[in-house]
>>> print(open('model_6.txt').read())   # compact mmCIF, C-alpha atoms
# COMPACT_ATOMS: atom_id res chain seq x y z
CA MET A 193 85.76 84.85 79.76
CA THR A 194 83.96 81.98 78.09
CA GLY A 195 80.28 81.15 77.86
CA ALA A 196 80.62 78.25 80.29
CA LEU A 197 81.98 80.60 82.91
CA TRP A 198 79.02 82.92 82.54
CA GLU A 199 76.70 79.94 82.85
CA LEU A 200 78.43 79.10 86.12
CA PHE A 201 77.92 82.64 87.37
CA PHE A 202 74.25 82.77 86.48
CA GLU A 203 73.65 79.42 88.13
CA GLY A 204 75.25 80.89 91.26
CA LEU A 205 73.23 84.07 90.93
CA TRP A 206 70.02 82.04 90.83
CA ILE A 207 70.91 80.22 94.05
CA THR A 208 71.87 83.54 95.65
CA VAL A 209 68.46 84.96 94.75
CA GLN A 210 66.68 81.87 96.08
CA LEU A 211 68.64 82.00 99.32
CA MET A 212 67.82 85.67 99.66
CA VAL A 213 64.10 85.24 99.04
CA TYR A 214 63.75 82.37 101.52
CA SER A 215 65.72 84.05 104.25
CA ALA A 216 63.95 87.39 103.67
CA ALA A 217 60.60 85.61 104.09
CA LEU A 218 61.77 83.97 107.32
CA ALA A 219 63.29 87.23 108.53
CA ALA A 220 60.00 89.07 107.88
CA VAL A 221 58.03 86.51 109.91
CA VAL A 222 60.56 86.70 112.75
CA ALA A 223 60.73 90.51 112.59
CA PHE A 224 56.97 90.98 112.88
CA SER A 225 56.35 88.35 115.54
CA ILE A 226 59.31 89.33 117.74
CA GLY A 227 58.87 93.05 117.10
CA LEU A 228 55.19 92.94 118.11
CA ALA A 229 55.97 90.65 121.06
CA ARG A 230 58.32 93.33 122.38
CA THR A 231 55.37 95.74 122.66
CA SER A 232 53.27 93.15 124.53
CA ARG A 233 51.38 93.89 127.74
CA PHE A 234 52.93 90.91 129.52
CA TRP A 235 56.43 91.40 130.89
CA ILE A 236 57.43 87.76 130.32
CA VAL A 237 56.69 88.02 126.57
CA ARG A 238 58.63 91.29 126.38
CA PHE A 239 61.51 89.76 128.33
CA LEU A 240 61.78 86.57 126.26
CA SER A 241 61.60 88.40 122.94
CA GLY A 242 64.22 90.83 124.28
CA VAL A 243 66.52 87.91 125.07
CA TYR A 244 66.02 86.57 121.54
CA VAL A 245 66.95 89.92 119.98
CA GLU A 246 70.01 90.51 122.15
CA PHE A 247 71.28 86.99 121.56
CA PHE A 248 70.95 86.97 117.79
CA ARG A 249 72.23 90.52 117.44
CA GLY A 250 75.10 89.77 119.77
CA THR A 251 76.57 86.83 117.92
CA SER A 252 78.02 86.65 114.44
CA ALA A 253 75.77 85.45 111.59
CA LEU A 254 78.61 83.41 110.14
CA VAL A 255 79.32 81.64 113.42
CA LEU A 256 75.59 80.89 113.74
CA MET A 257 75.60 79.47 110.22
CA PHE A 258 78.60 77.27 111.01
CA TRP A 259 76.93 76.14 114.19
CA LEU A 260 73.73 75.16 112.38
CA PHE A 261 75.63 73.37 109.65
CA PHE A 262 78.47 71.63 111.54
CA ALA A 263 77.42 71.45 115.18
CA LEU A 264 73.70 70.69 114.91
CA PRO A 265 74.27 67.30 113.20
CA LEU A 266 75.99 66.16 116.39
CA LEU A 267 72.72 66.80 118.22
CA GLY A 268 70.91 64.66 115.68
CA TRP A 269 69.69 67.00 112.94
CA GLN A 270 71.46 67.36 109.62
CA LEU A 271 70.36 70.36 107.59
CA VAL A 272 70.90 70.71 103.85
CA GLY A 273 73.33 73.57 103.21
CA ILE A 274 70.81 75.97 101.76
CA TRP A 275 68.45 75.51 104.74
CA ALA A 276 71.24 76.04 107.25
CA GLY A 277 72.04 79.27 105.41
CA THR A 278 68.39 80.33 105.25
CA LEU A 279 67.82 79.59 108.93
CA ALA A 280 70.96 81.44 110.08
CA LEU A 281 70.30 84.50 107.91
CA GLY A 282 66.56 84.57 108.62
CA LEU A 283 66.95 84.26 112.39
CA SER A 284 69.70 86.85 112.76
CA TYR A 285 68.40 89.43 110.26
CA GLY A 286 64.93 88.87 111.71
CA ALA A 287 66.31 90.04 115.04
CA TYR A 288 67.52 93.27 113.43
CA GLY A 289 64.19 93.63 111.63
CA SER A 290 62.24 93.23 114.85
CA GLU A 291 63.85 96.42 116.14
CA ILE A 292 62.62 98.23 113.03
CA VAL A 293 59.09 96.89 113.57
CA ARG A 294 59.14 97.83 117.24
CA GLY A 295 60.43 101.33 116.52
CA ALA A 296 57.81 101.94 113.84
CA VAL A 297 54.93 100.60 115.95
CA GLN A 298 55.98 102.76 118.88
CA SER A 299 56.25 105.84 116.66
CA VAL A 300 52.52 105.70 115.83
CA ALA A 301 50.88 108.56 117.72
CA PRO A 302 49.44 107.29 121.06
CA ALA A 303 46.18 109.10 120.34
CA GLN A 304 45.59 106.71 117.44
CA ARG A 305 45.68 103.78 119.82
CA GLU A 306 43.43 105.57 122.30
CA ALA A 307 40.96 106.41 119.55
CA ALA A 308 40.85 102.76 118.53
CA ILE A 309 40.19 101.75 122.13
CA ALA A 310 37.46 104.39 122.34
CA LEU A 311 35.85 102.83 119.27
CA SER A 312 36.04 99.51 121.17
CA PHE A 313 38.19 97.78 118.58
CA THR A 314 39.58 94.46 119.69
CA PRO A 315 43.40 94.40 120.11
CA TRP A 316 43.68 92.49 116.84
CA GLN A 317 41.51 95.00 114.95
CA ARG A 318 43.49 97.83 116.51
CA LEU A 319 46.72 96.34 115.22
CA ARG A 320 45.45 95.45 111.78
CA LYS A 321 43.33 98.51 110.97
CA VAL A 322 45.01 101.36 112.84
CA ILE A 323 48.57 100.65 113.97
CA LEU A 324 50.12 98.62 111.15
CA PRO A 325 48.82 100.70 108.22
CA GLN A 326 50.58 103.68 109.77
CA ALA A 327 53.66 101.83 110.95
CA VAL A 328 54.46 99.95 107.72
CA PRO A 329 55.38 103.03 105.61
CA GLU A 330 57.78 104.03 108.40
CA MET A 331 59.44 100.64 108.16
CA MET A 332 60.13 100.71 104.43
CA PRO A 333 63.43 102.66 104.24
CA PRO A 334 65.15 100.70 107.04
CA PHE A 335 63.80 97.45 105.58
CA ASN A 336 65.40 98.45 102.29
CA ASN A 337 68.74 98.76 104.07
CA LEU A 338 68.25 95.45 105.81
CA LEU A 339 67.37 93.66 102.58
CA ILE A 340 70.64 94.80 101.01
CA GLU A 341 72.49 93.64 104.13
CA LEU A 342 70.75 90.29 103.77
CA LEU A 343 71.75 90.06 100.11
CA LYS A 344 75.35 90.66 101.13
CA GLY A 345 74.96 88.14 103.93
CA THR A 346 74.14 85.39 101.43
CA ALA A 347 77.82 85.47 100.39
CA LEU A 348 78.60 83.88 103.77
CA ALA A 349 76.82 80.72 102.64
CA SER A 350 79.66 80.12 100.18
CA LEU A 351 81.76 78.99 103.15
CA LEU A 352 79.30 76.11 103.66
CA SER A 353 79.98 75.18 100.02
CA ILE A 354 76.49 76.06 98.84
CA GLY A 355 76.87 76.76 95.12
CA GLU A 356 75.85 80.41 95.24
CA LEU A 357 77.56 83.31 93.48
CA THR A 358 80.62 83.66 95.71
CA PHE A 359 81.21 79.91 95.75
CA GLN A 360 80.95 79.71 91.95
CA ALA A 361 83.47 82.55 91.76
CA LYS A 362 85.83 80.49 93.89
CA LEU A 363 85.44 77.55 91.51
CA ALA A 364 85.99 79.78 88.49
CA ARG A 365 89.08 81.26 90.07
CA LEU A 366 90.53 77.84 90.81
CA SER A 367 90.07 76.74 87.21
CA THR A 368 91.18 79.91 85.40
CA GLY A 369 93.35 81.78 87.91
CA GLN A 370 92.02 85.18 86.78
CA SER A 371 91.25 86.50 90.25
CA ALA A 372 90.90 90.20 89.49
CA GLN A 373 88.47 89.72 86.62
CA ILE A 374 86.35 87.09 88.30
CA TYR A 375 85.94 88.83 91.63
CA GLY A 376 85.44 92.13 89.81
CA ILE A 377 82.56 90.63 87.83
CA ILE A 378 81.04 89.09 90.95
CA LEU A 379 81.14 92.43 92.77
CA VAL A 380 79.38 94.10 89.84
CA LEU A 381 76.73 91.35 89.79
CA TYR A 382 76.01 91.82 93.50
CA PHE A 383 75.83 95.55 92.93
CA ALA A 384 73.36 95.07 90.09
CA VAL A 385 71.06 92.93 92.26
CA ALA A 386 71.30 95.48 95.10
CA PHE A 387 70.43 98.27 92.67
CA VAL A 388 67.33 96.46 91.41
CA LEU A 389 66.23 95.71 94.98
CA THR A 390 66.68 99.34 96.03
CA ARG A 391 64.54 100.49 93.11
CA ILE A 392 61.78 97.97 93.90
CA MET A 393 61.80 98.99 97.56
CA ARG A 394 61.55 102.67 96.57
CA VAL A 395 58.42 101.92 94.55
CA LEU A 396 56.93 99.97 97.47
CA GLU A 397 57.82 102.81 99.85
CA ARG A 398 56.14 105.35 97.60
CA ARG A 399 53.00 103.20 97.40
CA ALA A 400 52.89 102.58 101.15
CA LYS A 401 53.31 106.29 101.89
CA ALA A 402 50.73 107.29 99.29
CA SER A 403 48.23 104.90 100.87
CA VAL A 404 48.32 106.88 104.10
CA GLY A 405 48.38 110.20 102.26
CA ARG A 406 52.02 111.17 102.64
CA ALA A 407 54.53 112.30 100.06
CA VAL A 408 57.89 110.63 99.62
CA PRO A 409 60.92 112.86 100.19
CA LYS A 410 62.77 113.39 96.94
CA GLY A 411 66.38 113.88 95.97
CA GLU A 412 67.90 110.73 97.44
CA GLY A 413 70.09 110.07 94.42
CA TRP A 414 69.93 107.22 91.98
CA PHE A 415 71.13 104.25 93.92
CA SER A 416 71.89 105.49 97.41
CA ARG A 417 69.85 104.22 100.32
CA LYS A 418 70.32 107.19 102.58
CA LEU A 419 68.07 107.75 105.54
CA PRO A 420 65.00 109.93 105.07
CA VAL A 421 65.79 113.55 105.82
CA GLU A 422 63.14 113.97 108.54
CA LYS A 423 64.98 111.49 110.78
CA GLN A 424 68.20 113.16 111.85
CA GLY A 425 68.00 112.60 115.58
CA PRO A 426 70.29 110.35 117.61
CA GLU A 427 68.11 107.37 116.68
CA ALA A 428 68.92 107.99 113.01
CA LEU A 429 72.60 108.08 113.93
CA ALA A 430 72.30 104.79 115.69
CA THR A 431 70.84 103.02 112.65
CA GLY A 432 72.90 104.66 109.90
CA GLY A 433 72.72 101.72 107.51
CA LYS A 434 74.27 98.56 108.83
CA PRO A 435 72.10 97.04 111.54
CA MET B 294 90.36 76.64 124.47
CA PRO B 295 93.85 78.26 124.58
CA ASP B 296 93.83 78.23 120.76
CA ILE B 297 90.45 79.92 120.71
CA LEU B 298 91.74 82.59 123.09
CA LYS B 299 94.70 83.09 120.75
CA GLY B 300 92.12 83.54 118.01
CA LEU B 301 90.24 86.03 120.18
CA TRP B 302 93.39 88.15 120.41
CA ILE B 303 93.68 88.19 116.59
CA THR B 304 89.97 89.01 116.36
CA VAL B 305 90.40 91.93 118.76
CA GLN B 306 93.45 93.21 116.86
CA ALA B 307 91.59 93.06 113.55
CA THR B 308 88.65 94.93 115.11
CA VAL B 309 90.79 97.68 116.64
CA TYR B 310 92.97 98.33 113.58
CA GLY B 311 89.98 98.00 111.25
CA SER B 312 88.07 100.56 113.33
CA LEU B 313 90.91 103.05 113.24
CA VAL B 314 91.17 102.74 109.45
CA SER B 315 87.41 103.09 109.03
CA PHE B 316 87.17 106.12 111.35
CA ALA B 317 89.88 107.94 109.42
CA LEU B 318 88.71 107.01 105.92
CA GLY B 319 85.06 107.62 106.82
CA LEU B 320 85.87 111.21 107.75
CA VAL B 321 87.74 111.62 104.47
CA TRP B 322 84.69 110.41 102.48
CA ALA B 323 82.29 112.53 104.51
CA LEU B 324 84.33 115.69 103.93
CA ALA B 325 84.93 114.86 100.27
CA LEU B 326 81.17 114.41 99.73
CA ARG B 327 80.67 117.98 100.98
CA SER B 328 83.12 119.36 98.46
CA ARG B 329 81.77 122.01 96.08
CA SER B 330 83.34 120.34 93.07
CA ARG B 331 81.36 117.65 91.28
CA TRP B 332 84.65 116.11 90.18
CA VAL B 333 85.26 115.18 93.79
CA THR B 334 81.76 114.28 94.99
CA TRP B 335 80.74 112.15 92.03
CA PRO B 336 83.56 109.56 92.02
CA VAL B 337 83.55 109.37 95.81
CA SER B 338 79.81 108.75 96.02
CA VAL B 339 79.97 106.08 93.30
CA PHE B 340 82.81 104.39 95.15
CA VAL B 341 81.04 104.56 98.52
CA GLU B 342 77.77 103.20 97.15
CA PHE B 343 79.56 100.42 95.32
CA ILE B 344 81.35 99.28 98.47
CA ARG B 345 78.19 99.54 100.56
CA ASN B 346 76.16 97.46 98.14
CA THR B 347 78.53 94.54 97.70
CA PRO B 348 79.41 91.79 100.19
CA LEU B 349 82.38 92.22 102.50
CA LEU B 350 83.38 88.58 101.96
CA VAL B 351 83.77 89.04 98.21
CA GLN B 352 85.69 92.27 98.78
CA LEU B 353 88.05 90.41 101.09
CA PHE B 354 88.56 87.67 98.48
CA PHE B 355 89.17 90.32 95.87
CA LEU B 356 91.85 92.02 97.96
CA PHE B 357 93.38 88.75 99.09
CA PHE B 358 93.82 87.35 95.61
CA VAL B 359 94.35 90.54 93.63
CA LEU B 360 96.73 92.65 95.72
CA PRO B 361 99.59 90.12 95.32
CA THR B 362 99.19 90.16 91.54
CA TRP B 363 99.71 93.94 91.70
CA GLY B 364 102.91 93.33 93.61
CA LEU B 365 101.43 94.24 97.00
CA ALA B 366 101.99 91.21 99.18
CA PHE B 367 100.61 91.67 102.69
CA ALA B 368 100.06 89.30 105.58
CA PRO B 369 96.48 87.99 105.65
CA LEU B 370 95.69 90.05 108.75
CA THR B 371 96.82 93.27 107.04
CA THR B 372 94.68 92.45 104.01
CA GLY B 373 91.78 91.78 106.37
CA VAL B 374 92.26 95.10 108.16
CA ILE B 375 92.35 96.95 104.82
CA GLY B 376 89.16 95.18 103.74
CA LEU B 377 87.27 95.72 106.99
CA GLY B 378 88.46 99.31 107.26
CA LEU B 379 87.49 100.15 103.69
CA HIS B 380 84.09 98.45 103.96
CA TYR B 381 83.14 100.06 107.25
CA SER B 382 84.51 103.48 106.26
CA THR B 383 81.56 103.76 103.86
CA TYR B 384 79.23 103.29 106.83
CA THR B 385 81.08 105.60 109.18
CA SER B 386 81.05 108.31 106.50
CA GLU B 387 77.27 108.25 106.75
CA VAL B 388 77.56 108.61 110.53
CA TYR B 389 79.83 111.63 110.14
CA ARG B 390 77.40 113.07 107.61
CA ALA B 391 74.52 112.80 110.09
CA GLY B 392 76.74 114.22 112.84
CA ILE B 393 77.77 117.21 110.71
CA ASP B 394 74.17 117.80 109.58
CA GLY B 395 73.18 117.80 113.24
CA VAL B 396 75.29 120.84 114.05
CA PRO B 397 72.82 123.77 114.21
CA GLU B 398 72.72 126.09 111.20
CA GLY B 399 73.47 129.05 113.48
CA GLN B 400 76.97 127.73 114.14
CA TRP B 401 77.81 128.01 110.43
CA GLU B 402 76.33 131.49 110.30
CA ALA B 403 78.25 132.55 113.39
CA ALA B 404 81.50 131.30 111.84
CA THR B 405 80.72 133.27 108.69
CA ALA B 406 79.90 136.37 110.75
CA LEU B 407 83.28 136.09 112.49
CA SER B 408 84.75 135.68 108.97
CA LEU B 409 86.57 132.54 110.02
CA PRO B 410 88.38 130.86 107.14
CA ARG B 411 86.74 127.66 105.87
CA ARG B 412 89.39 125.44 107.37
CA ARG B 413 89.06 126.95 110.84
CA THR B 414 85.28 126.80 110.65
CA TRP B 415 85.64 123.04 110.26
CA THR B 416 88.38 122.39 112.79
CA ALA B 417 87.33 124.83 115.51
CA VAL B 418 83.54 124.98 115.21
CA ILE B 419 81.84 122.19 113.31
CA LEU B 420 83.90 119.04 113.85
CA PRO B 421 84.28 119.31 117.66
CA GLN B 422 80.49 119.51 117.96
CA ALA B 423 79.91 116.76 115.41
CA PHE B 424 82.31 114.35 117.12
CA ARG B 425 80.41 114.44 120.40
CA ARG B 426 77.26 113.24 118.68
CA VAL B 427 79.06 110.70 116.56
CA VAL B 428 80.96 108.69 119.18
CA PRO B 429 78.17 106.25 120.22
CA ALA B 430 77.17 105.55 116.62
CA LEU B 431 80.77 104.84 115.68
CA GLY B 432 80.86 102.46 118.63
CA ASN B 433 77.96 100.54 117.12
CA TYR B 434 80.04 99.97 114.00
CA VAL B 435 82.93 98.72 116.09
CA ILE B 436 80.58 96.04 117.45
CA ALA B 437 79.29 95.28 113.96
CA MET B 438 82.86 94.93 112.73
CA PHE B 439 83.74 92.69 115.66
CA LYS B 440 80.90 90.38 114.58
CA ASP B 441 82.12 90.43 110.98
CA THR B 442 85.69 89.40 111.81
CA PRO B 443 84.89 85.66 111.40
CA LEU B 444 84.83 86.37 107.65
CA LEU B 445 88.58 86.81 107.91
CA ALA B 446 88.81 83.06 108.52
CA GLY B 447 87.93 82.82 104.81
CA ILE B 448 91.22 84.49 103.91
CA THR B 449 93.27 82.36 106.35
CA VAL B 450 93.52 84.87 109.20
CA ALA B 451 93.86 82.77 112.35
CA ASP B 452 90.89 84.34 114.16
CA MET B 453 88.47 82.60 116.54
CA LEU B 454 86.43 80.83 113.88
CA PHE B 455 89.57 79.68 112.08
CA GLN B 456 90.92 78.22 115.32
CA ALA B 457 87.60 76.54 116.08
CA ASN B 458 87.60 75.03 112.60
CA SER B 459 91.10 73.67 112.89
CA ILE B 460 90.31 72.18 116.30
CA SER B 461 87.21 70.55 114.80
CA ALA B 462 89.20 69.23 111.88
CA THR B 463 91.57 67.33 114.19
CA THR B 464 89.14 66.17 116.91
CA PHE B 465 85.96 65.77 114.79
CA ASP B 466 84.17 67.64 117.55
CA TYR B 467 82.30 70.52 115.93
CA LEU B 468 79.74 71.17 118.63
CA GLU B 469 81.96 72.44 121.40
CA PRO B 470 84.46 74.79 119.66
CA ILE B 471 81.84 76.55 117.53
CA THR B 472 79.45 76.89 120.47
CA VAL B 473 82.24 78.41 122.56
CA VAL B 474 83.03 80.90 119.79
CA GLY B 475 79.37 81.86 119.38
CA ILE B 476 78.95 82.43 123.10
CA LEU B 477 82.19 84.44 123.32
CA PHE B 478 80.76 86.80 120.71
CA VAL B 479 77.59 87.39 122.75
CA VAL B 480 79.55 87.70 125.99
CA ILE B 481 81.73 90.45 124.52
CA SER B 482 79.36 92.35 122.27
CA TYR B 483 76.34 92.57 124.57
CA PRO B 484 78.05 94.34 127.52
CA THR B 485 79.80 96.62 125.03
CA SER B 486 76.48 97.65 123.51
CA LEU B 487 75.06 98.33 126.99
CA LEU B 488 78.08 100.52 127.69
CA LEU B 489 77.55 102.38 124.43
CA ARG B 490 73.92 103.00 125.28
CA ALA B 491 74.97 104.54 128.58
CA LEU B 492 77.56 106.66 126.77
CA GLU B 493 74.93 107.75 124.26
CA ARG B 494 72.64 108.98 127.02
CA ARG B 495 75.47 111.11 128.40
CA LEU B 496 76.84 112.52 125.15
CA VAL B 497 73.80 113.00 122.93
CA ARG B 498 71.15 115.15 124.48
>>> encode(input="model_6.txt", output="structure tokens")
Amino acid sequence: MTGALWELFFEGLWITVQLMVYSAALAAVVAFSIGLARTSRFWIVRFLSGVYVEFFRGTSALVLMFWLFFALPLLGWQLVGIWAGTLALGLSYGAYGSEIVRGAVQSVAPAQREAAIALSFTPWQRLRKVILPQAVPEMMPPFNNLLIELLKGTALASLLSIGELTFQAKLARLSTGQSAQIYGIILVLYFAVAFVLTRIMRVLERRAKASVGRAVPKGEGWFSRKLPVEKQGPEALATGGKP
Amino acid sequence: MPDILKGLWITVQATVYGSLVSFALGLVWALALRSRSRWVTWPVSVFVEFIRNTPLLVQLFFLFFVLPTWGLAFAPLTTGVIGLGLHYSTYTSEVYRAGIDGVPEGQWEAATALSLPRRRTWTAVILPQAFRRVVPALGNYVIAMFKDTPLLAGITVADMLFQANSISATTFDYLEPITVVGILFVVISYPTSLLLRALERRLVR
């Protein structure tokens, strides 16, 4: 392994991180707007957001990415590779995220909502001051899972020849022919990024829980992203990691 | 269109074989992680976490390019099934774990009171109850795997996406084949998930 090869990898890593940050931002926006729309009072809003979720969860992220990159130009828009990747990942992982938001919002005790109505809060105040502060800590562990899934999803963008980590590995393999070493290193690099993300999310989770006066369950192991122990019902089974 | 349907058949095969591999391996990991010996649990948990935290696509590339250098030359589809099965087994092991944890404590105590041997406790008491709870969740992973099969196109398995790509390459029409593939995915996976939800209501109570 030469220095030039490492340079190639770190260049790829940087694009991977960029792609992840952009699509995570888009996914967060989609998750909150669609997730909250699914708890709307109006059936048409609930219905349309439901259609969005079922469609984007039903199809494959890679096929969506190919569609945005290869098929959309025929309708008159040409996207730069990295934006096609961001859009595909953000839209489909946002759909998974919206289910997390919806679940967490609905798990807030109904009395909290009633109390806010009794205090004559406006719907917006109710959401911002009562519901979300309690729902957000609930969302943290599944969001952690989703973020790792998103990180792994960025590897798909290599098939659009965006120069991220997996694509750089392909180049390196073509020039050196050392497949085992190169893909081994790439796997370890992805693992390292996932590890750092998990740690950061744990800190955020602890802060969010502390802010509403709850302790974080301990003993989850160093790098595992297991589900919190209190959630062992069928709904925990249904979301055991991969969305 | 006939080519895409041929691809669909490959996609379905990859999903079915991949699921069977992941169901079997997942149970192996789940049981190994409950072993009393640290020499078993530690390597298995490191392995499982490593697989879970790295991209399936890179794992597939790894297998596809590395297995032949070790003298194991498989057809692309077989490599794909190994990759999918291995990747998803780390998720199904978590499902089994939750299913086993969900069996009431009293069942373990009852088995101890009857002085059942450890093996029979598992096969006659715990696992039959765990499986009932686990079926719908395993089904979710079958759908997830179905949606991940297009990655196999990256290692030259002639699945739906691969067929769509080769059609596009000859006709320069990208819009239609890829749209058809995308819609086929929704058309298959959505009814399946509705079915699973119905099954879940019946099995898990």
>>> residues_around(input="model_6.txt", residues="Pro429 (chain B)", least_positions_apart="3", cutoff="8 Å", atoms="all atoms listed in the file", output="number ranges by chain")
A: 430; B: 426, 432-433, 489-490, 492-493
>>> closest_residue(input="model_6.txt", among="A:Leu267, A:Ala296, A:Ala276, A:Ala310", to="chain B", atoms="only C-alpha atoms")
A:Leu267
>>> atom_distance(input="model_6.txt", atom1="CA of Leu254 (chain A)", atom2="CA of Thr485 (chain B)")
19.9 Å
>>> closest_residue(input="model_6.txt", among="B:Arg327, B:Arg494, B:Arg412, B:Arg345", to="Tyr384 (chain B)", atoms="all atoms listed in the file")
B:Arg345
>>> interface_residues(input="model_6.txt", of="chain B", to="chain A", cutoff="8 Å", atoms="only C-alpha atoms", output="PyMOL selection string")
chain B and resi 342-343+346-352+354-355+358-359+384+387-388+391-392+394-395+426-427+429-430+433-434+437+440-441+443-444+447+454+467-469+471-472+474-476+478-480+482-483+497
>>> atom_distance(input="model_6.txt", atom1="CA of Arg230 (chain A)", atom2="CA of Ile392 (chain A)")
29.1 Å
>>> atom_distance(input="model_6.txt", atom1="CA of Thr304 (chain B)", atom2="CA of Val450 (chain B)")
9.0 Å
>>> residues_around(input="model_6.txt", residues="Ala196 (chain A)", least_positions_apart="2", cutoff="12 Å", atoms="only C-alpha atoms", output="number ranges by chain")
A: 193-194, 198-203, 360, 364, 367-368
>>> closest_residue(input="model_6.txt", among="A:Pro333, A:Ala287, A:Thr231, A:Gln298", to="Arg391 (chain A)", atoms="only C-alpha atoms")
A:Pro333
>>> axis_aligned_box(input="model_6.txt", around="region 469-484 of chain B", padding_each_side="6 Å", output="lines of an AutoDock Vina configuration file")
center_x = 80.4
center_y = 83.4
center_z = 122.5
size_x = 20.1
size_y = 33.9
size_z = 22.0
>>> residues_around(input="model_6.txt", residues="Gln456 (chain B)", least_positions_apart="3", cutoff="8 Å", atoms="only C-alpha atoms", output="count of residues only")
8
>>> closest_residue(input="model_6.txt", among="A:Leu363, A:Gly195, A:Ile226, A:Ile354", to="Tyr285 (chain A)", atoms="only C-alpha atoms")
A:Ile226
>>> decode(input="model_6.txt", residues="region 448-495 of chain B", atoms="C-alpha atoms", output="short mmCIF file (atom, residue, chain, number, x, y, z; two decimals), in the first residue's frame")
data_model
loop_
_atom_site.label_atom_id
_atom_site.label_comp_id
_atom_site.auth_asym_id
_atom_site.auth_seq_id
_atom_site.Cartn_x
_atom_site.Cartn_y
_atom_site.Cartn_z
CA ILE B 448 -21.45 -8.22 -9.24
CA THR B 449 -22.92 -9.18 -12.64
CA VAL B 450 -25.92 -11.17 -11.41
CA ALA B 451 -28.54 -10.84 -14.15
CA ASP B 452 -31.28 -9.50 -11.88
CA MET B 453 -33.96 -6.94 -12.78
CA LEU B 454 -31.74 -3.88 -12.57
CA PHE B 455 -29.01 -5.59 -14.59
CA GLN B 456 -31.52 -6.45 -17.31
CA ALA B 457 -32.92 -2.92 -17.30
CA ASN B 458 -29.39 -1.56 -17.66
CA SER B 459 -28.53 -3.80 -20.56
CA ILE B 460 -31.78 -2.89 -22.31
CA SER B 461 -30.97 0.79 -21.78
CA ALA B 462 -27.46 0.30 -23.09
CA THR B 463 -28.75 -1.02 -26.42
CA THR B 464 -31.84 1.18 -26.93
CA PHE B 465 -30.63 4.38 -25.16
CA ASP B 466 -34.01 4.42 -23.46
CA TYR B 467 -33.38 4.70 -19.72
CA LEU B 468 -36.74 6.06 -18.64
CA GLU B 469 -38.95 3.10 -19.38
CA PRO B 470 -36.93 0.05 -18.17
CA ILE B 471 -35.87 1.63 -14.88
CA THR B 472 -39.37 2.97 -14.20
CA VAL B 473 -40.81 -0.50 -14.83
CA VAL B 474 -38.31 -2.04 -12.41
CA GLY B 475 -39.04 0.56 -9.73
CA ILE B 476 -42.78 0.01 -10.03
CA LEU B 477 -42.39 -3.78 -9.97
CA PHE B 478 -40.62 -3.43 -6.62
CA VAL B 479 -43.50 -1.44 -5.13
CA VAL B 480 -46.10 -3.75 -6.66
CA ILE B 481 -44.49 -6.79 -5.04
CA SER B 482 -43.25 -5.47 -1.72
CA TYR B 483 -46.30 -3.44 -0.67
CA PRO B 484 -48.90 -6.28 -0.79
CA THR B 485 -46.36 -8.55 0.92
CA SER B 486 -45.96 -6.09 3.77
CA LEU B 487 -49.76 -5.83 4.13
CA LEU B 488 -49.90 -9.62 4.31
CA LEU B 489 -47.20 -9.65 6.97
CA ARG B 490 -49.09 -7.09 9.03
CA ALA B 491 -52.16 -9.31 8.94
CA LEU B 492 -50.03 -12.30 9.93
CA GLU B 493 -48.51 -10.30 12.77
CA ARG B 494 -51.93 -9.48 14.18
CA ARG B 495 -52.77 -13.19 14.24
#
